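Down below is the structure, laid out as structure tokens.
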Amino acid sequence: MFWKWQLHWQVLAGMVVGALLAILVPVAADWVAPLGTIFLRLLRMVIVPLIFTSIVAGVTGIAEPKTLGRLGAKALLYYLLTSLVAILIGLGLTNLIKPGAGLATPVDDSFDPSQLESPGSLLEILIRMIPENPIRAAAEMDILGLIFFGIVFGLAIAFLPDKARTPLRDLIQNLFEAMMKLTQGIIRFAPIGVMGLIAAAVSSMGLGIFRQVGWYWFTIAFGLSLHFLVALPLIYWLLTRRSPIPHYRAMLAPMQLAFSTSSSSATLPVTMRAVQKEAGVSNRVASFVLPLGSTVNMDGTALYECAGVLFIAQALGAELSMMQQIVVVITALLASIGAAGIPSAGLVMIFIVLEAVNLNNDAAYALVGLMLGVDRPLDMFRTMVNVTSDSIGAAAIAQSEGETLSYGSQTEVGIEPSVTVSP
């Protein structure tokens, strides 16, 4: 009976069971925790081949290079818009609530706000996107480099003569379908994997640390909630003139899996399937926009990095000027673009923001350690925000390309997807 439920209900049941095991039977939680690790490793196993084949299939399936350029421009503009909105929400709330004011820093050290420096240039990010070795980029999970190589490789195939282009395009498409089929099999075990992930997360988190940085936690959580429940639905309505409720309902499975895994890349297979099967977005748009978005479009991460750095500055007694905060905003935007779609990537990238503004003393690093103590639920939430933003971007871009969104008219997410690429 359980396996006949829709995927999002199965995942929700797995989350509840995992949390109850961690609270009521801690020993049992230790037993099921490896199931989450296995599930996450299986998902990570398919990320590189799935992203590469989907990008190349999407690029080669677009008949005109002009269409590809148009899709890319729309996607990048959308990513910049939503990330900037998220950063401004985090900036405004952190200045209003001042969660770091009066907090006793773990290490007694001083910080001079006049030492703030400007971030690295956008050119550095673009240069880093070009892999010197595509094989090494795949092995090291350099998703930005892999996406760049997939796009230029797909373009090279698209410009070949018909005799050479057709067999290569068919081969890539068949490989993509094989990866989707493999992913479909892995996702059938999502409820069990999610149960293990949630059990491990709940059993490892203590409550004492929340009291020390409670206002910080509240600020980030409230900002993510505003972006998730107000900003993104408003952006969706402005871009599509449709109610966001059917879209959010259709994306329940990706949202829940993103919350459980804290990885937008690991959730990518489910997001692609939901956007195509539940929202009616074509494979042509989904296979190009979503893999790119899973790496570049990090709304929740951008909000977190901006608010986190301001929190640290407040705790250190630094009153940042507007220009200094603009430096933080720009750096957070660039850092969110470079953040990997894996658990706690935002916490790693926050060091880049700290270094860029020269906020790199022992007290700042100690505060990052405090933030790490309460980061797991925030990481889960911001990943859900990232994935939701990706799906909204795919739907909005699809409609702008003349496609008709058809929520609820397809079969259940995760059951026999159609993955043909439109010529």
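A note on labels: chains of the structure tokens are A, B, ... as shown, every chain counts residues from 1, and ligands are counted from 1 in their shown order.
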
Dump as CSV the rows for residues of region 234-288 of chain A within 8 Å of region 40-50 of chain A: closest atom pair and distance in Å with one decimal, only C-alpha atoms counted, ordered by chain and rising residue number.
residue,atom,partner,partner_atom,distance
A:Thr261,CA,A:Leu40,CA,7.1
A:Ser265,CA,A:Ile47,CA,6.8
A:Ala266,CA,A:Leu43,CA,5.4
A:Thr267,CA,A:Leu43,CA,8.0
A:Leu268,CA,A:Ile47,CA,8.0
A:Pro269,CA,A:Leu50,CA,7.9

Take the residues from that selection and put them in a file with C-alpha atoms, as an mmCIF file, in the first residue's frame.
data_model
loop_
_atom_site.group_PDB
_atom_site.id
_atom_site.type_symbol
_atom_site.label_atom_id
_atom_site.label_comp_id
_atom_site.auth_asym_id
_atom_site.auth_seq_id
_atom_site.Cartn_x
_atom_site.Cartn_y
_atom_site.Cartn_z
ATOM 1 C CA THR A 261 19.379 15.772 1.096
ATOM 2 C CA SER A 265 22.478 18.654 -7.478
ATOM 3 C CA ALA A 266 21.325 15.406 -5.892
ATOM 4 C CA THR A 267 17.717 16.594 -6.231
ATOM 5 C CA LEU A 268 18.207 17.536 -9.897
ATOM 6 C CA PRO A 269 16.858 14.238 -11.338
#

Could you give me, as a PDB file with N, CA and C atoms, in the first residue's frame, the residues within 8 Å of Ser54 (chain A), counting only C-alpha atoms and dropping anything in the same chain fewer than 3 positions from it?
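Done, and the output landed in around10.pdb:
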ATOM      1  N   LEU A  50      24.501  12.538 -15.744  1.00  0.00           N
ATOM      2  CA  LEU A  50      23.172  13.092 -16.015  1.00  0.00           C
ATOM      3  C   LEU A  50      23.271  14.541 -16.462  1.00  0.00           C
ATOM      4  N   ILE A  51      24.076  15.350 -15.747  1.00  0.00           N
ATOM      5  CA  ILE A  51      24.213  16.761 -16.117  1.00  0.00           C
ATOM      6  C   ILE A  51      24.839  16.889 -17.497  1.00  0.00           C
ATOM      7  N   ALA A  57      22.408  17.041 -24.753  1.00  0.00           N
ATOM      8  CA  ALA A  57      21.165  16.707 -25.454  1.00  0.00           C
ATOM      9  C   ALA A  57      20.287  17.937 -25.635  1.00  0.00           C
ATOM     10  N   GLY A  58      20.237  18.800 -24.598  1.00  0.00           N
ATOM     11  CA  GLY A  58      19.433  20.005 -24.715  1.00  0.00           C
ATOM     12  C   GLY A  58      19.976  20.966 -25.756  1.00  0.00           C
ATOM     13  N   PHE A 176      21.331   9.834 -22.406  1.00  0.00           N
ATOM     14  CA  PHE A 176      20.518  10.617 -21.470  1.00  0.00           C
ATOM     15  C   PHE A 176      19.316   9.814 -20.987  1.00  0.00           C
ATOM     16  N   SER A 287      16.046  20.481 -19.796  1.00  0.00           N
ATOM     17  CA  SER A 287      17.373  19.869 -19.813  1.00  0.00           C
ATOM     18  C   SER A 287      18.490  20.897 -19.948  1.00  0.00           C
ATOM     19  N   PHE A 288      18.140  22.117 -20.317  1.00  0.00           N
ATOM     20  CA  PHE A 288      19.149  23.177 -20.392  1.00  0.00           C
ATOM     21  C   PHE A 288      19.113  24.064 -19.150  1.00  0.00           C
ATOM     22  N   PRO A 291      19.848  21.989 -15.107  1.00  0.00           N
ATOM     23  CA  PRO A 291      21.231  21.685 -14.705  1.00  0.00           C
ATOM     24  C   PRO A 291      22.068  22.942 -14.476  1.00  0.00           C
TER      25      PRO A 291
END

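Distances to Asn297 (chain A) were evaluated for A:Ala394, A:Leu175, A:Val32, A:Leu238 using only C-alpha atoms, and the minimum falls at A:Ala394.
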
Closest of A:Thr240, A:Gln325, A:Ser263, A:Asn95 to Thr383 (chain A), counting only C-alpha atoms, is A:Ser263

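Relative to CA of Pro377 (chain A), CA of Thr301 (chain A) is found at 13.1 Å.
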
- [ ] From the DSSP assignment of the backbone, select every residue of region 131-327 of chain A that is helix (DSSP H, G or I), and format the answer as JSON, numbers by chain.
- [x] {"A": [134, 135, 136, 137, 138, 139, 143, 144, 145, 146, 147, 148, 149, 150, 151, 152, 153, 154, 155, 156, 157, 158, 162, 163, 164, 165, 166, 167, 168, 169, 170, 171, 172, 173, 174, 175, 176, 177, 178, 179, 180, 181, 182, 183, 184, 185, 186, 187, 190, 191, 192, 193, 194, 195, 196, 197, 198, 199, 200, 201, 202, 203, 204, 208, 209, 210, 211, 212, 214, 215, 216, 217, 218, 219, 220, 221, 222, 223, 224, 225, 226, 227, 228, 229, 230, 231, 232, 233, 234, 235, 236, 237, 238, 239, 240, 245, 246, 247, 248, 249, 250, 252, 253, 254, 255, 256, 257, 258, 259, 260, 261, 264, 265, 266, 267, 268, 269, 270, 271, 272, 273, 274, 275, 276, 277, 283, 284, 285, 286, 287, 288, 289, 290, 291, 292, 293, 294, 295, 296, 299, 300, 301, 302, 303, 304, 305, 306, 307, 308, 309, 310, 311, 312, 313, 314, 315, 322, 323, 324, 325, 326, 327]}

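Between Ala22 (chain A) and the candidates A:Val270, A:Ala200, A:Leu226, A:Met298, the tightest atom-to-atom separation, counting only C-alpha atoms, involves A:Ala200.
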
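With distances restricted to only C-alpha atoms, A:Val385 is the closest residue to Ala231 (chain A) from A:Val385, A:Ile312, A:Ala307, A:Met180.
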
### Message
Report as a PyMOL selection string all protein, DNA and RNA residues lying within 6 Å of region 82-93 of chain A, evaluated on only C-alpha atoms, omitting residues in the same chain fewer than 5 positions from it.
### Response
chain A and resi 223+299+302-303+307
